[in-house]
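Dumped protein.csv below, it's CSV, C-alpha atoms:
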chain,number,residue,atom,x,y,z
A,1,LEU,CA,0.0,0.0,0.0
A,2,ALA,CA,2.9,2.4,0.8
A,3,LEU,CA,4.1,1.9,-2.8
A,4,GLY,CA,0.7,2.7,-4.1
A,5,TRP,CA,0.6,6.0,-2.2
A,6,ALA,CA,4.1,6.8,-3.3
A,7,CYS,CA,3.2,6.2,-6.9
A,8,TRP,CA,0.2,8.4,-6.6
A,9,LYS,CA,2.0,11.3,-4.8
A,10,THR,CA,4.8,11.2,-7.5
A,11,TYR,CA,2.3,12.0,-10.3
A,12,LEU,CA,-0.4,13.8,-8.5
A,13,GLY,CA,0.8,17.2,-9.6
A,14,ARG,CA,0.6,16.4,-13.3
A,15,PRO,CA,-2.4,17.4,-15.5
A,16,ALA,CA,-5.4,15.2,-15.5
A,17,THR,CA,-4.7,14.3,-19.1
A,18,ASP,CA,-1.3,12.9,-18.2
A,19,TRP,CA,-1.2,9.1,-18.8
A,20,TYR,CA,1.1,8.4,-15.9
A,21,ARG,CA,-1.1,10.3,-13.5
A,22,GLY,CA,-4.1,8.1,-14.6
A,23,ALA,CA,-2.0,5.0,-14.2
A,24,ALA,CA,-0.9,6.0,-10.7
A,25,MET,CA,-4.5,6.4,-9.7
A,26,SER,CA,-5.2,2.8,-10.9
A,27,VAL,CA,-2.1,1.6,-9.0
A,28,LEU,CA,-3.4,3.2,-5.8
A,29,GLY,CA,-6.9,1.6,-6.2
A,30,GLY,CA,-5.3,-1.7,-6.9
A,31,ALA,CA,-3.1,-1.4,-3.8
A,32,PHE,CA,-6.2,-0.9,-1.6
A,33,LEU,CA,-7.8,-4.0,-3.2
A,34,LEU,CA,-4.7,-6.1,-2.6
A,35,ASN,CA,-4.6,-5.1,1.0
A,36,ARG,CA,-8.3,-6.0,1.4
A,37,ARG,CA,-9.5,-2.5,1.8
A,38,PRO,CA,-12.2,-2.4,-0.9
A,39,GLU,CA,-14.2,0.4,0.8
A,40,GLU,CA,-11.2,2.7,0.4
A,41,ALA,CA,-10.5,1.4,-3.1
A,42,LEU,CA,-14.0,2.0,-4.4
A,43,PRO,CA,-13.9,5.9,-4.8
A,44,VAL,CA,-10.4,5.7,-6.2
A,45,LEU,CA,-11.4,3.1,-8.8
A,46,LYS,CA,-14.6,5.0,-9.7
A,47,ALA,CA,-12.6,8.2,-10.2
A,48,SER,CA,-10.0,6.3,-12.3
A,49,LEU,CA,-12.7,4.9,-14.6
A,50,ALA,CA,-14.3,8.3,-15.0
A,51,LEU,CA,-10.9,9.8,-15.8
A,52,LYS,CA,-10.2,7.2,-18.5
A,53,ARG,CA,-13.6,7.6,-20.1
A,54,ARG,CA,-13.2,11.3,-20.2
A,55,HIS,CA,-9.6,11.5,-21.6
A,56,TRP,CA,-8.9,8.1,-23.1
A,57,TRP,CA,-12.3,7.1,-24.4
A,58,ARG,CA,-10.8,5.6,-27.6
A,59,ASP,CA,-8.5,3.2,-25.6
A,60,GLU,CA,-10.9,0.3,-25.3
A,61,ALA,CA,-8.4,-2.0,-23.5
A,62,TYR,CA,-7.5,0.7,-21.0
A,63,ILE,CA,-11.1,1.3,-20.1
A,64,LEU,CA,-11.9,-2.4,-19.8
A,65,VAL,CA,-9.1,-2.9,-17.3
A,66,ALA,CA,-10.5,0.0,-15.2
A,67,GLN,CA,-14.0,-1.5,-15.4
A,68,THR,CA,-12.8,-4.9,-14.4
A,69,ASN,CA,-11.1,-3.5,-11.3
A,70,LEU,CA,-14.2,-1.6,-10.3
A,71,ALA,CA,-16.4,-4.6,-10.8
A,72,SER,CA,-14.1,-6.7,-8.6
A,73,CYS,CA,-14.2,-4.0,-5.9
A,74,LEU,CA,-18.0,-3.7,-6.1
A,75,ASP,CA,-18.2,-7.5,-5.6
A,76,ASP,CA,-15.9,-7.3,-2.6
A,77,VAL,CA,-18.0,-4.6,-0.8
A,78,GLY,CA,-21.1,-6.7,-1.2
A,79,ARG,CA,-22.7,-4.9,-4.2
A,80,GLY,CA,-22.9,-8.0,-6.3
A,81,GLN,CA,-25.8,-6.9,-8.5
A,82,GLU,CA,-23.9,-3.8,-9.6
A,83,ALA,CA,-20.8,-5.9,-10.1
A,84,LEU,CA,-22.8,-8.3,-12.3
A,85,ILE,CA,-24.2,-5.5,-14.5
A,86,LEU,CA,-20.7,-4.2,-15.1
A,87,MET,CA,-19.2,-7.6,-15.6
A,88,ARG,CA,-21.9,-8.4,-18.3
A,89,GLU,CA,-20.9,-5.2,-20.1
A,90,ILE,CA,-17.2,-6.0,-19.9
A,91,TYR,CA,-17.8,-9.6,-21.2
A,92,ALA,CA,-19.9,-8.4,-24.1
A,93,ARG,CA,-17.2,-5.8,-25.0
A,94,ARG,CA,-14.5,-8.4,-24.8
A,95,ILE,CA,-16.3,-10.6,-27.3
A,96,ALA,CA,-16.9,-7.6,-29.6
A,97,SER,CA,-13.2,-6.6,-29.4
A,98,TYR,CA,-11.4,-9.9,-29.3
A,99,GLY,CA,-13.9,-12.7,-30.1
A,100,LEU,CA,-14.9,-15.5,-27.8
A,101,ALA,CA,-11.8,-17.7,-28.2
A,102,HIS,CA,-9.4,-15.2,-26.6
A,103,GLU,CA,-7.7,-15.4,-23.2
A,104,HIS,CA,-9.0,-12.0,-22.1
A,105,THR,CA,-12.5,-12.9,-23.0
A,106,ILE,CA,-12.3,-16.3,-21.3
A,107,GLN,CA,-10.8,-14.7,-18.1
A,108,THR,CA,-13.6,-12.1,-18.1
A,109,GLY,CA,-16.2,-14.8,-18.5
A,110,SER,CA,-14.6,-16.8,-15.6
A,111,ASN,CA,-15.0,-13.7,-13.4
A,112,LEU,CA,-18.5,-13.3,-14.5
A,113,ILE,CA,-19.6,-16.8,-13.6
A,114,VAL,CA,-18.1,-16.6,-10.2
A,115,THR,CA,-20.4,-13.6,-9.5
A,116,MET,CA,-23.3,-15.3,-11.1
A,117,PHE,CA,-23.0,-18.4,-8.9
A,118,ARG,CA,-22.5,-16.2,-5.8
A,119,LEU,CA,-25.8,-14.6,-6.6
A,120,GLY,CA,-27.5,-17.9,-7.2
A,121,LEU,CA,-27.8,-17.6,-11.0
A,122,TYR,CA,-26.8,-21.3,-11.5
A,123,ASP,CA,-28.8,-21.9,-14.7
A,124,GLU,CA,-27.4,-18.9,-16.5
A,125,GLY,CA,-23.8,-19.5,-15.3
A,126,LYS,CA,-23.9,-23.2,-16.3
A,127,THR,CA,-25.2,-22.3,-19.7
A,128,LEU,CA,-22.4,-19.8,-20.2
A,129,LEU,CA,-19.8,-22.4,-19.3
A,130,ARG,CA,-21.3,-25.1,-21.4
A,131,ASP,CA,-22.1,-23.1,-24.5
A,132,GLN,CA,-19.3,-20.5,-24.6
A,133,LEU,CA,-16.4,-20.7,-22.1
A,134,VAL,CA,-15.5,-24.4,-22.0
A,135,PRO,CA,-15.7,-24.8,-25.8
A,136,ALA,CA,-13.7,-21.6,-26.4
A,137,ALA,CA,-11.0,-22.7,-23.9
A,138,ARG,CA,-10.7,-26.1,-25.6
A,139,ARG,CA,-10.3,-24.4,-29.0
A,140,LEU,CA,-7.8,-21.8,-27.9
A,141,LEU,CA,-5.9,-23.6,-25.2
A,142,GLY,CA,-6.6,-27.3,-25.5
A,143,TYR,CA,-8.3,-29.8,-23.3
A,144,ASP,CA,-5.4,-30.2,-20.9
A,145,HIS,CA,-4.7,-26.5,-20.2
A,146,ASP,CA,-5.1,-25.4,-16.6
A,147,THR,CA,-7.7,-22.8,-17.5
A,148,THR,CA,-9.8,-25.3,-19.4
A,149,LEU,CA,-9.6,-27.8,-16.5
A,150,ASP,CA,-10.6,-25.0,-14.0
A,151,LEU,CA,-13.6,-24.1,-16.1
A,152,ASN,CA,-14.7,-27.7,-16.1
A,153,LYS,CA,-14.2,-27.9,-12.3
A,154,ASN,CA,-16.3,-24.7,-11.9
A,155,LEU,CA,-19.1,-26.3,-14.0
A,156,ALA,CA,-19.1,-29.4,-11.9
A,157,ASN,CA,-19.1,-27.4,-8.6
A,158,ALA,CA,-22.0,-25.3,-9.9
A,159,ILE,CA,-24.0,-28.4,-10.8
A,160,GLN,CA,-23.5,-29.7,-7.3
A,161,GLU,CA,-24.3,-26.4,-5.6
A,162,ASP,CA,-27.5,-25.8,-7.6
A,163,PRO,CA,-30.5,-26.3,-5.2
A,164,LYS,CA,-32.4,-27.9,-8.1
A,165,ARG,CA,-29.8,-30.6,-8.7
A,166,SER,CA,-31.0,-34.1,-9.4
A,167,ARG,CA,-29.3,-37.5,-9.1
A,168,ASP,CA,-28.4,-37.3,-12.8
A,169,ASP,CA,-26.9,-33.9,-12.3
A,170,LEU,CA,-24.7,-35.2,-9.5
A,171,LEU,CA,-23.6,-38.1,-11.8
A,172,GLU,CA,-22.7,-35.5,-14.5
A,173,ALA,CA,-20.6,-33.6,-12.0
A,174,GLU,CA,-18.8,-36.7,-10.9
A,175,THR,CA,-18.1,-37.6,-14.6
A,176,ILE,CA,-16.7,-34.1,-15.2
A,177,LEU,CA,-14.5,-34.1,-12.1
A,178,LEU,CA,-13.2,-37.6,-12.9
A,179,GLU,CA,-12.1,-36.4,-16.3
A,180,VAL,CA,-10.4,-33.4,-14.7
A,181,VAL,CA,-8.5,-35.7,-12.3
A,182,LYS,CA,-7.3,-38.0,-15.1
A,183,ARG,CA,-6.0,-35.1,-17.2
A,184,ARG,CA,-4.3,-33.4,-14.2
A,185,ARG,CA,-2.6,-36.7,-13.3
A,186,ARG,CA,-1.3,-37.1,-16.8
A,187,VAL,CA,-0.2,-33.5,-17.3
A,188,PHE,CA,0.9,-32.4,-13.9
A,189,GLY,CA,1.6,-35.7,-12.1
A,190,PRO,CA,-0.1,-37.4,-9.2
A,191,THR,CA,1.6,-35.3,-6.5
A,192,HIS,CA,1.0,-31.9,-7.9
A,193,PRO,CA,-1.2,-29.6,-5.6
A,194,ASP,CA,-3.8,-29.0,-8.3
A,195,THR,CA,-4.1,-32.8,-8.9
A,196,LEU,CA,-4.5,-33.4,-5.2
A,197,LEU,CA,-7.1,-30.7,-5.0
A,198,SER,CA,-9.0,-32.1,-7.9
A,199,GLU,CA,-9.0,-35.6,-6.3
A,200,ARG,CA,-10.5,-34.0,-3.2
A,201,ASP,CA,-13.2,-32.4,-5.3
A,202,LEU,CA,-13.9,-35.8,-6.9
A,203,SER,CA,-14.1,-37.5,-3.5
A,204,ASN,CA,-16.5,-34.9,-2.2
A,205,ALA,CA,-18.7,-35.2,-5.3
A,206,ARG,CA,-18.9,-39.0,-4.8
A,207,VAL,CA,-19.9,-38.5,-1.1
A,208,LYS,CA,-22.7,-36.1,-2.3
A,209,LEU,CA,-23.8,-38.6,-4.9
A,210,ALA,CA,-23.8,-41.5,-2.5
A,211,THR,CA,-25.8,-39.5,0.1
A,212,ARG,CA,-28.4,-38.6,-2.6
A,213,MET,CA,-28.7,-42.2,-3.8
A,214,HIS,CA,-29.3,-43.5,-0.2
A,215,ALA,CA,-31.7,-40.7,0.8
Turn the structure described in the file into structure tokens.
Amino acid sequence: LALGWACWKTYLGRPATDWYRGAAMSVLGGAFLLNRRPEEALPVLKASLALKRRHWWRDEAYILVAQTNLASCLDDVGRGQEALILMREIYARRIASYGLAHEHTIQTGSNLIVTMFRLGLYDEGKTLLRDQLVPAARRLLGYDHDTTLDLNKNLANAIQEDPKRSRDDLLEAETILLEVVKRRRRVFGPTHPDTLLSERDLSNARVKLATRMHA
């Protein structure tokens, strides 16, 4: 946080149109977020986005980064619905700018589904994963890439957490997680932390399935 303040104070005296001054404001807001002080980060990130929209409105990527930081902050302070609206906008603009099969778009979509699931929007989030994010990650990165495997894991977890889940849904989640475990063992090895974590997820899924079958 001290470095964030130092960066801001260094460029504070420059004109509002100075790029480094705008970047320093973003650094300060990010420093508040990293130090788990989202309430203090929020006004800084709002001002940062407003500044970029006013002076760098043609720089799409610059504005999208500022919007992403603000959306994350809104989520952290419990304003999930506002964060969701902003994240939907960011995701749509990523698709328009880069296409669906692009790492920036996939990462933005990953952030979006986390907020969706936190707000209980399981059906929409699962559809987004199945129809867009997982296929895009497979095309761009391959079936064995860590991001692709994480998206599959998120889909399985969402299936299990959905209050409307059925026995067949739990079977699907187990099948997805088993595939994730097999790929992680082959790519990362049996002792890798991500492999072990995936094995734990699979074990938990099987417990939930067994409980449902004997209920």
Do you know which residues are at most 10 Å from Ala156 (chain A) counting only C-alpha atoms, after dropping those on the same chain fewer than 2 positions away, and could you put them as a PyMOL selection string? chain A and resi 126+150-154+158-161+169-177+180+201-202+205
For a cut-off of 12 Å around (-22.7, -7.2, -18.0), file coordinates, pick out all residues using all atoms listed in the file and list them as a VMD selection string. chain A and resid 64 67 to 68 71 80 to 95 108 to 109 111 to 113 115 to 116
Take the residues that were just selected and, keeping C-alpha atoms, output them as a PDB file, in the frame of the given file.
ATOM      1  CA  LEU A  64     -11.900  -2.400 -19.800  1.00  0.00           C
ATOM      2  CA  GLN A  67     -14.000  -1.500 -15.400  1.00  0.00           C
ATOM      3  CA  THR A  68     -12.800  -4.900 -14.400  1.00  0.00           C
ATOM      4  CA  ALA A  71     -16.400  -4.600 -10.800  1.00  0.00           C
ATOM      5  CA  GLY A  80     -22.900  -8.000  -6.300  1.00  0.00           C
ATOM      6  CA  GLN A  81     -25.800  -6.900  -8.500  1.00  0.00           C
ATOM      7  CA  GLU A  82     -23.900  -3.800  -9.600  1.00  0.00           C
ATOM      8  CA  ALA A  83     -20.800  -5.900 -10.100  1.00  0.00           C
ATOM      9  CA  LEU A  84     -22.800  -8.300 -12.300  1.00  0.00           C
ATOM     10  CA  ILE A  85     -24.200  -5.500 -14.500  1.00  0.00           C
ATOM     11  CA  LEU A  86     -20.700  -4.200 -15.100  1.00  0.00           C
ATOM     12  CA  MET A  87     -19.200  -7.600 -15.600  1.00  0.00           C
ATOM     13  CA  ARG A  88     -21.900  -8.400 -18.300  1.00  0.00           C
ATOM     14  CA  GLU A  89     -20.900  -5.200 -20.100  1.00  0.00           C
ATOM     15  CA  ILE A  90     -17.200  -6.000 -19.900  1.00  0.00           C
ATOM     16  CA  TYR A  91     -17.800  -9.600 -21.200  1.00  0.00           C
ATOM     17  CA  ALA A  92     -19.900  -8.400 -24.100  1.00  0.00           C
ATOM     18  CA  ARG A  93     -17.200  -5.800 -25.000  1.00  0.00           C
ATOM     19  CA  ARG A  94     -14.500  -8.400 -24.800  1.00  0.00           C
ATOM     20  CA  ILE A  95     -16.300 -10.600 -27.300  1.00  0.00           C
ATOM     21  CA  THR A 108     -13.600 -12.100 -18.100  1.00  0.00           C
ATOM     22  CA  GLY A 109     -16.200 -14.800 -18.500  1.00  0.00           C
ATOM     23  CA  ASN A 111     -15.000 -13.700 -13.400  1.00  0.00           C
ATOM     24  CA  LEU A 112     -18.500 -13.300 -14.500  1.00  0.00           C
ATOM     25  CA  ILE A 113     -19.600 -16.800 -13.600  1.00  0.00           C
ATOM     26  CA  THR A 115     -20.400 -13.600  -9.500  1.00  0.00           C
ATOM     27  CA  MET A 116     -23.300 -15.300 -11.100  1.00  0.00           C
TER      28      MET A 116
END
Find the distance between CA of Asp75 (chain A) and CA of Leu45 (chain A) and write it in Å to one decimal. 13.0 Å
What gap, in Å, lies between CA of Ile106 (chain A) and CA of Ala136 (chain A)?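 So the two atoms, CA of Ile106 (chain A) and CA of Ala136 (chain A), lie 7.5 Å apart.
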Could you check how far CA of Val44 (chain A) sits from CA of Leu28 (chain A), in Å to one decimal?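 Going from CA of Val44 (chain A) over to CA of Leu28 (chain A), I get 7.4 Å.
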Considering all atoms listed in the file, return as a PDB file with C-alpha atoms, in the coordinates of the input whatever protein or nucleic-acid residues lie within 8 Å of Ala24 (chain A), sequence-local ones (same chain, fewer than 3 positions apart) excluded.
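New file selection_38.pdb:
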ATOM      1  CA  GLY A   4       0.700   2.700  -4.100  1.00  0.00           C
ATOM      2  CA  CYS A   7       3.200   6.200  -6.900  1.00  0.00           C
ATOM      3  CA  TRP A   8       0.200   8.400  -6.600  1.00  0.00           C
ATOM      4  CA  TYR A  11       2.300  12.000 -10.300  1.00  0.00           C
ATOM      5  CA  TYR A  20       1.100   8.400 -15.900  1.00  0.00           C
ATOM      6  CA  ARG A  21      -1.100  10.300 -13.500  1.00  0.00           C
ATOM      7  CA  VAL A  27      -2.100   1.600  -9.000  1.00  0.00           C
ATOM      8  CA  LEU A  28      -3.400   3.200  -5.800  1.00  0.00           C
TER       9      LEU A  28
END
